[in-house]
Amino acid sequence: MPDTRRFPSRSLHAGALVLAILATAAFWPADARAAETQEYPRAGLVMTRSVAAHARPASSSRTLMVFRQFRSDFRPTTLLVVGERRGAAGTRWLQISLPMRPNGRTGWVRAASVQTRRLTSSIVVDLSARRLHVLEHGRTRFSTRVAIGRPGLETPTGRFYVTATFKPKERFLGSHAFETSAYSKLSEWPGGGVVGLHGTTQPSLLGRRVSHGCVRMSNAAALVLKHLTPAGTPLTIVR
């Protein structure tokens with residue numbers, strides 16, 4: 001995770017707000033042939049020892065990733081489900097966001113291996129305004145000033161999700177931290193350059209472009225997010 005050794009209020013300007021709300025309402029449009037039996041996106045909890053993510057909704061297609069029921073830090077593995085489709089013999093497949101390079105990839109897992117739940121919140125980071133917003137049902141619930149990636153190590157834009165939250169041992173990460181599915185330009189960092197949202201011991205730098213790609217906020221704001229944005233929360237980063 002950039003800025004760390006751990007990771008393996010203004011309103012949004014009009015254009016970014018419209019984009020953020022649209023992204024929240026349909027985080028990734030499901031495949032045109034997907035069944036519309038559920039509202040997406042949804043958080044998905046891996047319920048079996050492991051589940052393979054395939055390039056297509058078919059077991060014979062290429063395996064892109066394998067998710068274990070529990071992460072290496074012993075937290076449950078949470079996915080972001082963005083659509084579904086019926087495969088051969090009526091097998092139900094879920095389309096998921098993949099926490100891997102390049103950013104924005106998706107894959108397919110068997111629905112029988114994942115338990116889904118509805119989402120009510122999402123996070124929007126507006127890089128131009130240096131603001132982070134928590135939306136609930138399309139309305140701003142919370143907003144705070146943030147620091148973002150410096151020139152050459154910019155915070156990536158796109159649609160991601162919170163993969164885990166935790167109280168960090170490293171003082172530099174502040175009161176609470178959020179691992180995301182986004183990756184920065186720093187592939188040599190532990191974890192391959194995972195982008196995080198976290199508190200900071202340097203609040204005077206908030207509002208500036210100073211990080212290695214992570215999004216920093218005040219420690220008070222990080223504690224608010226702790227209660228509003230659990231693992232599985234969609235994250236949209238706009239320029």
# chains A, B, ... in the order shown; residues from 1 in each chain; ligands from 1
call {"tool": "residues_around", "arguments": {"residues": "stretch 37-49 of chain A", "least_positions_apart": "3", "cutoff": "7 Å", "atoms": "only C-alpha atoms", "output": "list in words"}}
result
Ala26, Phe27, Arg68, Gln69, Thr77, Thr78, Leu79, Leu80, Val81, Val82, Gly83, Ser113, Val114, Gln115, Thr116, Arg117, Arg118, Leu119 and Gly232 of chain A
call {"tool": "write_last_selection", "arguments": {"atoms": "N, CA and C atoms", "output": "JSON list (two decimals), in the first residue's frame"}}
result
[["chain", "number", "residue", "atom", "x", "y", "z"],
["A", 26, "ALA", "N", -25.16, 2.44, -10.45],
["A", 26, "ALA", "CA", -24.81, 1.29, -11.30],
["A", 26, "ALA", "C", -23.30, 1.21, -11.37],
["A", 27, "PHE", "N", -22.71, 0.65, -10.32],
["A", 27, "PHE", "CA", -21.27, 0.71, -10.15],
["A", 27, "PHE", "C", -20.53, 0.18, -11.35],
["A", 68, "ARG", "N", -9.56, -17.23, -1.21],
["A", 68, "ARG", "CA", -9.75, -18.10, -0.05],
["A", 68, "ARG", "C", -10.86, -17.55, 0.82],
["A", 69, "GLN", "N", -11.45, -18.41, 1.63],
["A", 69, "GLN", "CA", -12.53, -17.96, 2.50],
["A", 69, "GLN", "C", -12.04, -16.90, 3.49],
["A", 77, "THR", "N", -12.98, -12.97, 3.50],
["A", 77, "THR", "CA", -12.79, -12.37, 2.18],
["A", 77, "THR", "C", -14.11, -11.82, 1.69],
["A", 78, "THR", "N", -14.11, -10.53, 1.38],
["A", 78, "THR", "CA", -15.30, -9.85, 0.89],
["A", 78, "THR", "C", -15.07, -9.40, -0.55],
["A", 79, "LEU", "N", -16.02, -9.67, -1.42],
["A", 79, "LEU", "CA", -15.95, -9.30, -2.83],
["A", 79, "LEU", "C", -16.98, -8.24, -3.14],
["A", 80, "LEU", "N", -16.85, -7.60, -4.29],
["A", 80, "LEU", "CA", -17.89, -6.70, -4.78],
["A", 80, "LEU", "C", -18.52, -7.34, -6.00],
["A", 81, "VAL", "N", -19.80, -7.66, -5.89],
["A", 81, "VAL", "CA", -20.54, -8.32, -6.98],
["A", 81, "VAL", "C", -21.23, -7.23, -7.80],
["A", 82, "VAL", "N", -20.99, -7.25, -9.12],
["A", 82, "VAL", "CA", -21.51, -6.18, -9.97],
["A", 82, "VAL", "C", -22.53, -6.66, -11.00],
["A", 83, "GLY", "N", -22.82, -7.96, -11.03],
["A", 83, "GLY", "CA", -23.81, -8.47, -11.97],
["A", 83, "GLY", "C", -23.89, -9.98, -11.89],
["A", 113, "SER", "N", -20.97, -20.24, -4.15],
["A", 113, "SER", "CA", -19.83, -20.08, -3.24],
["A", 113, "SER", "C", -19.82, -18.74, -2.52],
["A", 114, "VAL", "N", -20.77, -17.86, -2.85],
["A", 114, "VAL", "CA", -20.73, -16.50, -2.32],
["A", 114, "VAL", "C", -22.10, -16.11, -1.77],
["A", 115, "GLN", "N", -22.09, -15.54, -0.58],
["A", 115, "GLN", "CA", -23.31, -15.02, 0.03],
["A", 115, "GLN", "C", -23.32, -13.50, -0.13],
["A", 116, "THR", "N", -24.36, -12.95, -0.75],
["A", 116, "THR", "CA", -24.38, -11.52, -1.02],
["A", 116, "THR", "C", -25.30, -10.78, -0.06],
["A", 117, "ARG", "N", -25.05, -9.49, 0.07],
["A", 117, "ARG", "CA", -25.91, -8.62, 0.86],
["A", 117, "ARG", "C", -26.01, -7.26, 0.17],
["A", 118, "ARG", "N", -27.09, -6.56, 0.45],
["A", 118, "ARG", "CA", -27.32, -5.25, -0.16],
["A", 118, "ARG", "C", -26.35, -4.22, 0.40],
["A", 119, "LEU", "N", -26.07, -3.22, -0.41],
["A", 119, "LEU", "CA", -25.21, -2.11, -0.01],
["A", 119, "LEU", "C", -26.04, -0.84, 0.09],
["A", 232, "GLY", "N", -16.42, -4.24, 1.35],
["A", 232, "GLY", "CA", -17.41, -4.42, 0.31],
["A", 232, "GLY", "C", -18.01, -3.12, -0.19]]
call {"tool": "select_by_dssp", "arguments": {"residues": "stretch 16-157 of chain A", "states": "alpha helix (DSSP H)", "output": "PyMOL selection string"}}
result
chain A and resi 16-25
call {"tool": "write_last_selection", "arguments": {"atoms": "N, CA and C atoms", "output": "PDB file, in the first residue's frame"}}
result
ATOM      1  N   ALA A  16     -18.772  16.222 -11.118  1.00  0.00           N
ATOM      2  CA  ALA A  16     -18.321  15.062 -10.349  1.00  0.00           C
ATOM      3  C   ALA A  16     -19.464  14.456  -9.551  1.00  0.00           C
ATOM      4  N   LEU A  17     -20.365  15.308  -9.046  1.00  0.00           N
ATOM      5  CA  LEU A  17     -21.494  14.799  -8.277  1.00  0.00           C
ATOM      6  C   LEU A  17     -22.395  13.933  -9.146  1.00  0.00           C
ATOM      7  N   VAL A  18     -22.691  14.400 -10.359  1.00  0.00           N
ATOM      8  CA  VAL A  18     -23.525  13.608 -11.265  1.00  0.00           C
ATOM      9  C   VAL A  18     -22.849  12.282 -11.562  1.00  0.00           C
ATOM     10  N   LEU A  19     -21.550  12.324 -11.835  1.00  0.00           N
ATOM     11  CA  LEU A  19     -20.813  11.103 -12.136  1.00  0.00           C
ATOM     12  C   LEU A  19     -20.820  10.159 -10.944  1.00  0.00           C
ATOM     13  N   ALA A  20     -20.627  10.716  -9.752  1.00  0.00           N
ATOM     14  CA  ALA A  20     -20.576   9.879  -8.558  1.00  0.00           C
ATOM     15  C   ALA A  20     -21.899   9.191  -8.300  1.00  0.00           C
ATOM     16  N   ILE A  21     -23.004   9.910  -8.453  1.00  0.00           N
ATOM     17  CA  ILE A  21     -24.315   9.324  -8.206  1.00  0.00           C
ATOM     18  C   ILE A  21     -24.609   8.242  -9.232  1.00  0.00           C
ATOM     19  N   LEU A  22     -24.263   8.503 -10.490  1.00  0.00           N
ATOM     20  CA  LEU A  22     -24.472   7.482 -11.515  1.00  0.00           C
ATOM     21  C   LEU A  22     -23.626   6.253 -11.226  1.00  0.00           C
ATOM     22  N   ALA A  23     -22.401   6.478 -10.795  1.00  0.00           N
ATOM     23  CA  ALA A  23     -21.529   5.355 -10.505  1.00  0.00           C
ATOM     24  C   ALA A  23     -22.043   4.557  -9.321  1.00  0.00           C
ATOM     25  N   THR A  24     -22.647   5.239  -8.355  1.00  0.00           N
ATOM     26  CA  THR A  24     -23.181   4.541  -7.197  1.00  0.00           C
ATOM     27  C   THR A  24     -24.407   3.735  -7.575  1.00  0.00           C
ATOM     28  N   ALA A  25     -25.245   4.292  -8.413  1.00  0.00           N
ATOM     29  CA  ALA A  25     -26.481   3.612  -8.796  1.00  0.00           C
ATOM     30  C   ALA A  25     -26.208   2.375  -9.637  1.00  0.00           C
TER      31      ALA A  25
END
call {"tool": "residues_around", "arguments": {"residues": "stretch 96-99 of chain A", "least_positions_apart": "3", "cutoff": "9 Å", "atoms": "only C-alpha atoms", "output": "PyMOL selection string"}}
result
chain A and resi 28+44+53+64-65+79-84+102-109+159-161+163+180-183+194
call {"tool": "closest_residue", "arguments": {"among": "A:Gly152, A:Gly90, A:Pro203, A:Pro76", "to": "A:Pro230", "atoms": "only C-alpha atoms"}}
result
A:Pro76
call {"tool": "atom_distance", "arguments": {"atom1": "atom CA of A:Glu136", "atom2": "atom CA of A:Val224"}}
result
13.9 Å
call {"tool": "closest_residue", "arguments": {"among": "A:His133, A:Arg171, A:Ser184, A:Ile148", "to": "A:Leu225", "atoms": "only C-alpha atoms"}}
result
A:His133
call {"tool": "closest_residue", "arguments": {"among": "A:His176, A:Lys169, A:Arg150, A:Arg216", "to": "A:Arg131", "atoms": "only C-alpha atoms"}}
result
A:Arg216
call {"tool": "closest_residue", "arguments": {"among": "A:Ala58, A:Ala52, A:Ala112, A:Asp126", "to": "A:Val238", "atoms": "only C-alpha atoms"}}
result
A:Asp126
call {"tool": "closest_residue", "arguments": {"among": "A:Ile237, A:Phe178, A:Arg208, A:Arg101", "to": "A:Gly193", "atoms": "only C-alpha atoms"}}
result
A:Arg101
call {"tool": "closest_residue", "arguments": {"among": "A:Thr155, A:Thr165, A:Gln95, A:Ser50", "to": "A:Thr233", "atoms": "only C-alpha atoms"}}
result
A:Thr165
call {"tool": "atom_distance", "arguments": {"atom1": "atom CA of A:Leu197", "atom2": "atom CA of A:Ser121"}}
result
15.8 Å
call {"tool": "select_by_dssp", "arguments": {"residues": "stretch 2-226 of chain A", "states": "strand (DSSP E)", "output": "MDAnalysis selection string"}}
result
chainID A and resid 42:46 50:54 63:68 78:86 92:97 106:110 114:118 121:126 131:136 139:145 148:149 158:166 177:183 194:198 209:211 215:216
call {"tool": "atom_distance", "arguments": {"atom1": "atom CA of A:Gly138", "atom2": "atom CA of A:Thr229"}}
result
14.3 Å
